[in-house]
Amino acid sequence: MYEYQTEDHFMLGMERMPYSKYGNKTIGKPVILLSGMFATSIVYVSHNKSLGYLLSDAGFDVWLFNYRVTGMSKKIKDPRTGIIPKLSSLNWDYSFHELAIYDLPAAIDLVISVTGYSQVDVGGVSLGGTIPLITLAERPEYNKKVRNLVLMAPASRMGSGYQGLPFYFIRALLRRFLKTDFNVRYISLNSDPDNVAVGQLCRLKMFGFICVQSMNLIQGMYHPLHKEPVIDVFTTYPQPTSVKSVKHYFQLILSGRFTNYDYGPIGNMAHYHSKQVPEYDIRKITAPAIIMYSKGDNLVPPQDIKWLLNNLPNIKSTLYIDKIKFSHQSFVMDKISHLVIGPYIVKQLSS
């Protein structure tokens, strides 16, 4: 594991697969993979056909990114004290914005420093697509360090998701959450976030089926999912995160805009010198973008992806999955994802 520090002094941990165990140990071009919200990098290596292994077998140097206080990143000793800090002692005053302007740039700089390459490929699903978009919009100097931007169901503008009468009460709950002044700064639902009891039950045959069907219920459609990544998700999900990050996520869903964190009119004046929270300017993103999205995605539907397609200035390639059932979770959990998106990504990164 590689340990490194962000500009705002968070310690992060990143795992690496420099070459395939089936190859000649030649180290190829580096790829950084980012997971979705509340998840760890394990989603890319949960079974032998996971995207991390597919890229490794194709000759890429795969780096598995973990956000602050997520996965390996929460198990690193503070270099000043020599101990692993308790969650309660950490600074939880961060949203998606800080993950993008501090965490990912630090990872990109580390990989470039270690490998000697001047550019890296950066890819992610859901929030793992959100963060690179914010990074390259807010810190445009990093565009020259990104060879390809691989976006799988990237969440940016999300105004089309969770619409209609079935989701009325969900959106009402989100509004109530945003208006609540919490006494806690972070959310951690389990004493051991990497060994959640529900996930262990999913390993048992009699519960495994229930776990898979529960994931289908969450995604709003039935589709065959790999049992292994479902187990891994239930075992390590949700990871600890700040209340501010959750609020940022809900703000994006309800506003339909791709914006920085909304502090309200008075707070926005202090932070942005404007009563209205500014929107991220994705026209500054010049790195070549490879975008994958699906007709059956309820969270990031095609209507929202069209905004990206109309505004990103350098789209290299797109893959619209509409002939088969393929949901938001399918990108990392589907039994045929290695056939649907795996070859496409390898081809685009090899060209």
# chains A, B, ... in the order shown; residues from 1 in each chain; ligands from 1
call {"tool": "closest_atom_pairs", "arguments": {"of": "region 32-116 of chain A", "to": "region 235-258 of chain A", "cutoff": "6 Å", "atoms": "only C-alpha atoms", "output": "Markdown table"}}
result
| residue | atom | partner | partner_atom | distance |
| --- | --- | --- | --- | --- |
| A:Phe38 | CA | A:Gln239 | CA | 4.8 |
| A:Ala39 | CA | A:Tyr237 | CA | 6.0 |
| A:Thr70 | CA | A:Gln239 | CA | 5.9 |
| A:Trp92 | CA | A:Ser242 | CA | 5.4 |
| A:Ser95 | CA | A:Ser245 | CA | 4.0 |
| A:Phe96 | CA | A:Ser245 | CA | 5.7 |
call {"tool": "closest_atom_pairs", "arguments": {"of": "region 256-302 of chain A", "to": "region 168-190 of chain A", "cutoff": "12 Å", "atoms": "only C-alpha atoms", "output": "JSON lines"}}
result
{"residue": "A:Tyr261", "atom": "CA", "partner": "A:Leu178", "partner_atom": "CA", "distance": 11.7}
{"residue": "A:Asp262", "atom": "CA", "partner": "A:Leu178", "partner_atom": "CA", "distance": 10.2}
{"residue": "A:Tyr263", "atom": "CA", "partner": "A:Leu178", "partner_atom": "CA", "distance": 10.5}
{"residue": "A:Gly264", "atom": "CA", "partner": "A:Lys179", "partner_atom": "CA", "distance": 10.6}
call {"tool": "write_last_selection", "arguments": {"atoms": "N, CA, C and O atoms", "output": "PDB file, in the first residue's frame"}}
result
ATOM      1  N   TYR A 261     -20.774  23.215  -2.674  1.00  0.00           N
ATOM      2  CA  TYR A 261     -21.632  23.039  -1.503  1.00  0.00           C
ATOM      3  C   TYR A 261     -22.414  24.319  -1.230  1.00  0.00           C
ATOM      4  O   TYR A 261     -21.869  25.424  -1.257  1.00  0.00           O
ATOM      5  N   ASP A 262     -23.711  24.165  -0.980  1.00  0.00           N
ATOM      6  CA  ASP A 262     -24.595  25.308  -0.751  1.00  0.00           C
ATOM      7  C   ASP A 262     -24.700  25.591   0.752  1.00  0.00           C
ATOM      8  O   ASP A 262     -25.269  24.803   1.505  1.00  0.00           O
ATOM      9  N   TYR A 263     -24.159  26.735   1.169  1.00  0.00           N
ATOM     10  CA  TYR A 263     -24.180  27.124   2.584  1.00  0.00           C
ATOM     11  C   TYR A 263     -25.400  27.975   2.919  1.00  0.00           C
ATOM     12  O   TYR A 263     -25.544  28.433   4.051  1.00  0.00           O
ATOM     13  N   GLY A 264     -26.272  28.226   1.939  1.00  0.00           N
ATOM     14  CA  GLY A 264     -27.366  29.160   2.127  1.00  0.00           C
ATOM     15  C   GLY A 264     -26.915  30.559   1.737  1.00  0.00           C
ATOM     16  O   GLY A 264     -25.715  30.819   1.585  1.00  0.00           O
TER      17      GLY A 264
END
call {"tool": "residues_around", "arguments": {"residues": "region 1-17 of chain A", "least_positions_apart": "5", "cutoff": "8 Å", "atoms": "only C-alpha atoms", "output": "NGL selection string"}}
result
:A and (56 or 61-69 or 72-74 or 76 or 78 or 102-103 or 106-107 or 110)
call {"tool": "write_last_selection", "arguments": {"atoms": "N, CA and C atoms", "output": "short mmCIF file (atom, residue, chain, number, x, y, z; two decimals), in the first residue's frame"}}
result
data_model
loop_
_atom_site.label_atom_id
_atom_site.label_comp_id
_atom_site.auth_asym_id
_atom_site.auth_seq_id
_atom_site.Cartn_x
_atom_site.Cartn_y
_atom_site.Cartn_z
N SER A 56 -5.67 -4.92 -15.44
CA SER A 56 -4.35 -5.47 -15.12
C SER A 56 -3.93 -6.52 -16.15
N ASP A 61 -1.18 -0.63 -15.39
CA ASP A 61 -0.73 -0.50 -14.01
C ASP A 61 -1.89 0.10 -13.21
N VAL A 62 -2.60 -0.73 -12.45
CA VAL A 62 -3.86 -0.33 -11.82
C VAL A 62 -3.65 0.16 -10.39
N TRP A 63 -4.15 1.35 -10.12
CA TRP A 63 -4.07 1.96 -8.79
C TRP A 63 -5.49 2.10 -8.24
N LEU A 64 -5.70 1.55 -7.03
CA LEU A 64 -7.03 1.53 -6.42
C LEU A 64 -7.12 2.63 -5.37
N PHE A 65 -7.87 3.65 -5.73
CA PHE A 65 -7.97 4.87 -4.92
C PHE A 65 -8.99 4.70 -3.80
N ASN A 66 -8.68 5.25 -2.64
CA ASN A 66 -9.62 5.32 -1.52
C ASN A 66 -9.70 6.75 -1.01
N TYR A 67 -10.93 7.27 -0.91
CA TYR A 67 -11.12 8.62 -0.38
C TYR A 67 -10.66 8.70 1.07
N ARG A 68 -10.57 9.89 1.59
CA ARG A 68 -10.22 10.08 3.00
C ARG A 68 -11.20 9.34 3.90
N VAL A 69 -10.66 8.70 4.93
CA VAL A 69 -11.43 7.95 5.93
C VAL A 69 -12.23 6.81 5.29
N MET A 72 -8.63 1.62 3.01
CA MET A 72 -7.28 1.65 3.57
C MET A 72 -6.91 3.02 4.15
N SER A 73 -7.56 4.06 3.66
CA SER A 73 -7.18 5.41 4.09
C SER A 73 -7.47 5.68 5.56
N LYS A 74 -8.36 4.92 6.16
CA LYS A 74 -8.67 5.17 7.57
C LYS A 74 -7.81 4.31 8.51
N ILE A 76 -4.34 4.35 8.39
CA ILE A 76 -2.97 4.86 8.31
C ILE A 76 -2.63 5.66 9.57
N ASP A 78 -1.06 8.49 11.86
CA ASP A 78 -0.71 9.90 11.72
C ASP A 78 0.80 10.03 11.87
N TYR A 102 -8.44 18.15 -3.25
CA TYR A 102 -7.31 17.69 -2.46
C TYR A 102 -6.97 16.22 -2.67
N ASP A 103 -7.95 15.32 -2.50
CA ASP A 103 -7.66 13.89 -2.50
C ASP A 103 -7.19 13.38 -3.86
N ALA A 106 -3.76 14.74 -5.15
CA ALA A 106 -2.64 14.11 -4.43
C ALA A 106 -2.36 12.72 -4.98
N ALA A 107 -3.43 11.99 -5.33
CA ALA A 107 -3.27 10.64 -5.89
C ALA A 107 -2.61 10.71 -7.27
N LEU A 110 1.04 11.46 -6.89
CA LEU A 110 1.78 10.30 -6.38
C LEU A 110 2.06 9.31 -7.50
#
call {"tool": "residues_around", "arguments": {"residues": "Arg147 (chain A)", "least_positions_apart": "2", "cutoff": "10 Å", "atoms": "only C-alpha atoms", "output": "list of chain:residue names"}}
result
A:Lys29, A:Pro30, A:Val31, A:Ser118, A:Gln119, A:Val120, A:Asp121, A:Val122, A:Asn143, A:Lys144, A:Lys145, A:Leu149, A:Val150, A:Ala287, A:Pro288, A:Ala289, A:Leu349
call {"tool": "write_last_selection", "arguments": {"atoms": "N, CA and C atoms", "output": "mmCIF file, in the first residue's frame"}}
result
data_model
loop_
_atom_site.group_PDB
_atom_site.id
_atom_site.type_symbol
_atom_site.label_atom_id
_atom_site.label_comp_id
_atom_site.auth_asym_id
_atom_site.auth_seq_id
_atom_site.Cartn_x
_atom_site.Cartn_y
_atom_site.Cartn_z
ATOM 1 N N LYS A 29 0.901 1.440 -18.630
ATOM 2 C CA LYS A 29 0.442 2.792 -18.330
ATOM 3 C C LYS A 29 -0.465 2.782 -17.102
ATOM 4 N N PRO A 30 -0.338 3.779 -16.241
ATOM 5 C CA PRO A 30 -1.105 3.786 -14.979
ATOM 6 C C PRO A 30 -2.562 4.204 -15.150
ATOM 7 N N VAL A 31 -3.429 3.540 -14.383
ATOM 8 C CA VAL A 31 -4.856 3.845 -14.331
ATOM 9 C C VAL A 31 -5.278 3.958 -12.865
ATOM 10 N N SER A 118 4.060 10.915 -17.412
ATOM 11 C CA SER A 118 3.631 12.306 -17.269
ATOM 12 C C SER A 118 2.112 12.428 -17.198
ATOM 13 N N GLN A 119 1.408 11.342 -17.569
ATOM 14 C CA GLN A 119 -0.052 11.342 -17.547
ATOM 15 C C GLN A 119 -0.577 10.032 -16.985
ATOM 16 N N VAL A 120 -1.792 10.090 -16.435
ATOM 17 C CA VAL A 120 -2.460 8.898 -15.933
ATOM 18 C C VAL A 120 -3.876 8.853 -16.503
ATOM 19 N N ASP A 121 -4.422 7.652 -16.618
ATOM 20 C CA ASP A 121 -5.846 7.495 -16.907
ATOM 21 C C ASP A 121 -6.586 7.512 -15.574
ATOM 22 N N VAL A 122 -7.710 8.204 -15.529
ATOM 23 C CA VAL A 122 -8.512 8.288 -14.304
ATOM 24 C C VAL A 122 -9.922 7.821 -14.628
ATOM 25 N N ASN A 143 -5.651 18.902 -16.028
ATOM 26 C CA ASN A 143 -6.088 18.325 -17.300
ATOM 27 C C ASN A 143 -4.910 17.764 -18.089
ATOM 28 N N LYS A 144 -3.781 18.435 -18.032
ATOM 29 C CA LYS A 144 -2.618 17.974 -18.783
ATOM 30 C C LYS A 144 -1.994 16.714 -18.171
ATOM 31 N N LYS A 145 -2.414 16.370 -16.953
ATOM 32 C CA LYS A 145 -1.893 15.173 -16.295
ATOM 33 C C LYS A 145 -2.797 13.955 -16.494
ATOM 34 N N LEU A 149 -10.157 10.351 -19.353
ATOM 35 C CA LEU A 149 -11.108 10.429 -18.243
ATOM 36 C C LEU A 149 -12.212 9.414 -18.521
ATOM 37 N N VAL A 150 -12.260 8.339 -17.727
ATOM 38 C CA VAL A 150 -13.197 7.244 -17.957
ATOM 39 C C VAL A 150 -14.360 7.386 -16.976
ATOM 40 N N ALA A 287 -9.381 17.340 -20.757
ATOM 41 C CA ALA A 287 -8.908 15.956 -20.873
ATOM 42 C C ALA A 287 -9.913 15.141 -21.680
ATOM 43 N N PRO A 288 -9.460 14.208 -22.538
ATOM 44 C CA PRO A 288 -10.385 13.391 -23.340
ATOM 45 C C PRO A 288 -11.295 12.549 -22.451
ATOM 46 N N ALA A 289 -12.604 12.649 -22.681
ATOM 47 C CA ALA A 289 -13.582 11.952 -21.838
ATOM 48 C C ALA A 289 -14.197 10.770 -22.569
ATOM 49 N N LEU A 349 -8.660 2.770 -23.928
ATOM 50 C CA LEU A 349 -7.414 3.141 -23.262
ATOM 51 C C LEU A 349 -6.185 2.660 -24.034
#
call {"tool": "residues_around", "arguments": {"residues": "Ile27 (chain A)", "least_positions_apart": "6", "cutoff": "9 Å", "atoms": "only C-alpha atoms", "output": "ChimeraX atom specification"}}
result
/A:18-20,59-61,115
call {"tool": "write_last_selection", "arguments": {"atoms": "C-alpha atoms", "output": "tab-separated table (two decimals), in the first residue's frame"}}
result
chain	number	residue	atom	x	y	z
A	18	PRO	CA	1.47	-2.99	-11.31
A	19	TYR	CA	1.11	-5.99	-13.63
A	20	SER	CA	-0.96	-9.10	-14.22
A	59	GLY	CA	-1.31	-4.66	-19.37
A	60	PHE	CA	-2.23	-1.59	-17.32
A	61	ASP	CA	-0.73	-0.50	-14.01
A	115	THR	CA	5.71	5.57	-12.26
call {"tool": "select_by_dssp", "arguments": {"residues": "region 140-328 of chain A", "states": "strand (DSSP E)", "output": "ChimeraX atom specification"}}
result
/A:146-152,186-187,241-242,289-294,315-321
call {"tool": "closest_residue", "arguments": {"among": "A:Leu34, A:Ile131, A:Leu308, A:Val43", "to": "Phe234 (chain A)", "atoms": "only C-alpha atoms"}}
result
A:Val43
call {"tool": "residues_around", "arguments": {"residues": "Met152 (chain A)", "least_positions_apart": "5", "cutoff": "8 Å", "atoms": "only C-alpha atoms", "output": "ChimeraX atom specification"}}
result
/A:123-126,129,291-293,331
call {"tool": "select_by_dssp", "arguments": {"residues": "region 174-262 of chain A", "states": "alpha helix (DSSP H)", "output": "ChimeraX atom specification"}}
result
/A:174-179,197-202,205-219,227-236,243-255
call {"tool": "residues_around", "arguments": {"residues": "Val45 (chain A)", "least_positions_apart": "2", "cutoff": "12 Å", "atoms": "only C-alpha atoms", "output": "ChimeraX atom specification"}}
result
/A:15-17,33,35,40-43,47-56,62-64,228-229,232-233,332-333
call {"tool": "write_last_selection", "arguments": {"atoms": "C-alpha atoms", "output": "CSV table (one decimal), in the first residue's frame"}}
result
chain,number,residue,atom,x,y,z
A,15,GLU,CA,-3.3,-0.1,-3.4
A,16,ARG,CA,-1.5,-1.0,-6.6
A,17,MET,CA,-1.5,-3.9,-9.1
A,33,LEU,CA,-9.9,3.8,-10.3
A,35,SER,CA,-15.3,4.0,-6.3
A,40,THR,CA,-14.2,1.3,-1.1
A,41,SER,CA,-11.9,0.2,-3.9
A,42,ILE,CA,-12.8,-3.4,-3.3
A,43,VAL,CA,-15.6,-3.0,-5.9
A,47,HIS,CA,-14.0,-11.3,-8.2
A,48,ASN,CA,-11.7,-12.5,-11.0
A,49,LYS,CA,-13.7,-10.7,-13.7
A,50,SER,CA,-13.8,-7.3,-11.9
A,51,LEU,CA,-12.6,-4.3,-13.8
A,52,GLY,CA,-9.4,-3.9,-11.9
A,53,TYR,CA,-8.3,-7.4,-12.9
A,54,LEU,CA,-9.4,-6.9,-16.5
A,55,LEU,CA,-7.3,-3.8,-16.8
A,56,SER,CA,-4.3,-5.5,-15.1
A,62,VAL,CA,-3.9,-0.3,-11.8
A,63,TRP,CA,-4.1,2.0,-8.8
A,64,LEU,CA,-7.0,1.5,-6.4
A,228,GLU,CA,-19.3,-11.6,-4.8
A,229,PRO,CA,-19.4,-7.9,-5.2
A,232,ASP,CA,-18.4,-7.1,-0.6
A,233,VAL,CA,-20.7,-4.1,-0.7
A,332,VAL,CA,-19.5,-3.0,-11.0
A,333,MET,CA,-21.9,-5.8,-10.0
call {"tool": "atom_distance", "arguments": {"atom1": "CA of Gly71 (chain A)", "atom2": "CA of Pro85 (chain A)"}}
result
14.2 Å
call {"tool": "decode", "arguments": {"residues": "region 119-150 of chain A", "atoms": "N, CA and C atoms", "output": "PDB file, in the first residue's frame"}}
result
ATOM      1  N   GLN A 119       1.408  11.342 -17.569  1.00  0.00           N
ATOM      2  CA  GLN A 119      -0.052  11.342 -17.547  1.00  0.00           C
ATOM      3  C   GLN A 119      -0.577  10.032 -16.985  1.00  0.00           C
ATOM      4  N   VAL A 120      -1.792  10.090 -16.435  1.00  0.00           N
ATOM      5  CA  VAL A 120      -2.460   8.898 -15.933  1.00  0.00           C
ATOM      6  C   VAL A 120      -3.876   8.853 -16.503  1.00  0.00           C
ATOM      7  N   ASP A 121      -4.422   7.652 -16.618  1.00  0.00           N
ATOM      8  CA  ASP A 121      -5.846   7.495 -16.907  1.00  0.00           C
ATOM      9  C   ASP A 121      -6.586   7.512 -15.574  1.00  0.00           C
ATOM     10  N   VAL A 122      -7.710   8.204 -15.529  1.00  0.00           N
ATOM     11  CA  VAL A 122      -8.512   8.288 -14.304  1.00  0.00           C
ATOM     12  C   VAL A 122      -9.922   7.821 -14.628  1.00  0.00           C
ATOM     13  N   GLY A 123     -10.407   6.830 -13.882  1.00  0.00           N
ATOM     14  CA  GLY A 123     -11.732   6.292 -14.152  1.00  0.00           C
ATOM     15  C   GLY A 123     -12.516   6.072 -12.875  1.00  0.00           C
ATOM     16  N   GLY A 124     -13.838   6.146 -12.998  1.00  0.00           N
ATOM     17  CA  GLY A 124     -14.663   5.905 -11.827  1.00  0.00           C
ATOM     18  C   GLY A 124     -16.119   5.740 -12.188  1.00  0.00           C
ATOM     19  N   VAL A 125     -16.863   5.161 -11.250  1.00  0.00           N
ATOM     20  CA  VAL A 125     -18.294   4.946 -11.435  1.00  0.00           C
ATOM     21  C   VAL A 125     -19.057   5.812 -10.437  1.00  0.00           C
ATOM     22  N   SER A 126     -20.145   6.417 -10.878  1.00  0.00           N
ATOM     23  CA  SER A 126     -21.019   7.224 -10.026  1.00  0.00           C
ATOM     24  C   SER A 126     -20.238   8.391  -9.401  1.00  0.00           C
ATOM     25  N   LEU A 127     -20.101   8.430  -8.065  1.00  0.00           N
ATOM     26  CA  LEU A 127     -19.304   9.474  -7.421  1.00  0.00           C
ATOM     27  C   LEU A 127     -17.857   9.429  -7.910  1.00  0.00           C
ATOM     28  N   GLY A 128     -17.400   8.239  -8.308  1.00  0.00           N
ATOM     29  CA  GLY A 128     -16.057   8.108  -8.861  1.00  0.00           C
ATOM     30  C   GLY A 128     -15.903   8.817 -10.192  1.00  0.00           C
ATOM     31  N   GLY A 129     -17.024   9.224 -10.790  1.00  0.00           N
ATOM     32  CA  GLY A 129     -16.988  10.072 -11.970  1.00  0.00           C
ATOM     33  C   GLY A 129     -17.211  11.531 -11.611  1.00  0.00           C
ATOM     34  N   THR A 130     -17.950  11.761 -10.539  1.00  0.00           N
ATOM     35  CA  THR A 130     -18.205  13.121 -10.066  1.00  0.00           C
ATOM     36  C   THR A 130     -16.914  13.821  -9.664  1.00  0.00           C
ATOM     37  N   ILE A 131     -16.114  13.149  -8.856  1.00  0.00           N
ATOM     38  CA  ILE A 131     -14.911  13.756  -8.282  1.00  0.00           C
ATOM     39  C   ILE A 131     -13.919  14.198  -9.358  1.00  0.00           C
ATOM     40  N   PRO A 132     -13.586  13.364 -10.363  1.00  0.00           N
ATOM     41  CA  PRO A 132     -12.671  13.851 -11.412  1.00  0.00           C
ATOM     42  C   PRO A 132     -13.221  15.048 -12.183  1.00  0.00           C
ATOM     43  N   LEU A 133     -14.536  15.092 -12.394  1.00  0.00           N
ATOM     44  CA  LEU A 133     -15.131  16.238 -13.086  1.00  0.00           C
ATOM     45  C   LEU A 133     -14.890  17.529 -12.291  1.00  0.00           C
ATOM     46  N   ILE A 134     -15.108  17.455 -10.978  1.00  0.00           N
ATOM     47  CA  ILE A 134     -14.883  18.633 -10.135  1.00  0.00           C
ATOM     48  C   ILE A 134     -13.395  18.992 -10.106  1.00  0.00           C
ATOM     49  N   THR A 135     -12.539  17.973  -9.983  1.00  0.00           N
ATOM     50  CA  THR A 135     -11.100  18.216  -9.953  1.00  0.00           C
ATOM     51  C   THR A 135     -10.644  18.997 -11.177  1.00  0.00           C
ATOM     52  N   LEU A 136     -11.032  18.518 -12.350  1.00  0.00           N
ATOM     53  CA  LEU A 136     -10.534  19.124 -13.582  1.00  0.00           C
ATOM     54  C   LEU A 136     -11.204  20.464 -13.886  1.00  0.00           C
ATOM     55  N   ALA A 137     -12.395  20.694 -13.337  1.00  0.00           N
ATOM     56  CA  ALA A 137     -13.053  21.987 -13.498  1.00  0.00           C
ATOM     57  C   ALA A 137     -12.464  23.025 -12.547  1.00  0.00           C
ATOM     58  N   GLU A 138     -12.179  22.619 -11.311  1.00  0.00           N
ATOM     59  CA  GLU A 138     -11.684  23.545 -10.293  1.00  0.00           C
ATOM     60  C   GLU A 138     -10.163  23.679 -10.292  1.00  0.00           C
ATOM     61  N   ARG A 139      -9.483  22.646 -10.747  1.00  0.00           N
ATOM     62  CA  ARG A 139      -8.017  22.694 -10.839  1.00  0.00           C
ATOM     63  C   ARG A 139      -7.612  22.305 -12.260  1.00  0.00           C
ATOM     64  N   PRO A 140      -7.898  23.175 -13.227  1.00  0.00           N
ATOM     65  CA  PRO A 140      -7.711  22.839 -14.645  1.00  0.00           C
ATOM     66  C   PRO A 140      -6.276  22.509 -15.035  1.00  0.00           C
ATOM     67  N   GLU A 141      -5.316  22.886 -14.194  1.00  0.00           N
ATOM     68  CA  GLU A 141      -3.920  22.530 -14.491  1.00  0.00           C
ATOM     69  C   GLU A 141      -3.709  21.021 -14.490  1.00  0.00           C
ATOM     70  N   TYR A 142      -4.647  20.269 -13.884  1.00  0.00           N
ATOM     71  CA  TYR A 142      -4.517  18.805 -13.853  1.00  0.00           C
ATOM     72  C   TYR A 142      -5.018  18.148 -15.138  1.00  0.00           C
ATOM     73  N   ASN A 143      -5.651  18.902 -16.028  1.00  0.00           N
ATOM     74  CA  ASN A 143      -6.088  18.325 -17.300  1.00  0.00           C
ATOM     75  C   ASN A 143      -4.910  17.764 -18.089  1.00  0.00           C
ATOM     76  N   LYS A 144      -3.781  18.435 -18.032  1.00  0.00           N
ATOM     77  CA  LYS A 144      -2.618  17.974 -18.783  1.00  0.00           C
ATOM     78  C   LYS A 144      -1.994  16.714 -18.171  1.00  0.00           C
ATOM     79  N   LYS A 145      -2.414  16.370 -16.953  1.00  0.00           N
ATOM     80  CA  LYS A 145      -1.893  15.173 -16.295  1.00  0.00           C
ATOM     81  C   LYS A 145      -2.797  13.955 -16.494  1.00  0.00           C
ATOM     82  N   VAL A 146      -3.961  14.164 -17.106  1.00  0.00           N
ATOM     83  CA  VAL A 146      -4.930  13.081 -17.309  1.00  0.00           C
ATOM     84  C   VAL A 146      -4.954  12.707 -18.795  1.00  0.00           C
ATOM     85  N   ARG A 147      -4.557  11.480 -19.092  1.00  0.00           N
ATOM     86  CA  ARG A 147      -4.518  11.010 -20.486  1.00  0.00           C
ATOM     87  C   ARG A 147      -5.926  10.724 -20.997  1.00  0.00           C
ATOM     88  N   ASN A 148      -6.720  10.030 -20.176  1.00  0.00           N
ATOM     89  CA  ASN A 148      -8.119   9.744 -20.484  1.00  0.00           C
ATOM     90  C   ASN A 148      -8.943   9.840 -19.213  1.00  0.00           C
ATOM     91  N   LEU A 149     -10.157  10.351 -19.353  1.00  0.00           N
ATOM     92  CA  LEU A 149     -11.108  10.429 -18.243  1.00  0.00           C
ATOM     93  C   LEU A 149     -12.212   9.414 -18.521  1.00  0.00           C
ATOM     94  N   VAL A 150     -12.260   8.339 -17.727  1.00  0.00           N
ATOM     95  CA  VAL A 150     -13.197   7.244 -17.957  1.00  0.00           C
ATOM     96  C   VAL A 150     -14.360   7.386 -16.976  1.00  0.00           C
TER      97      VAL A 150
END
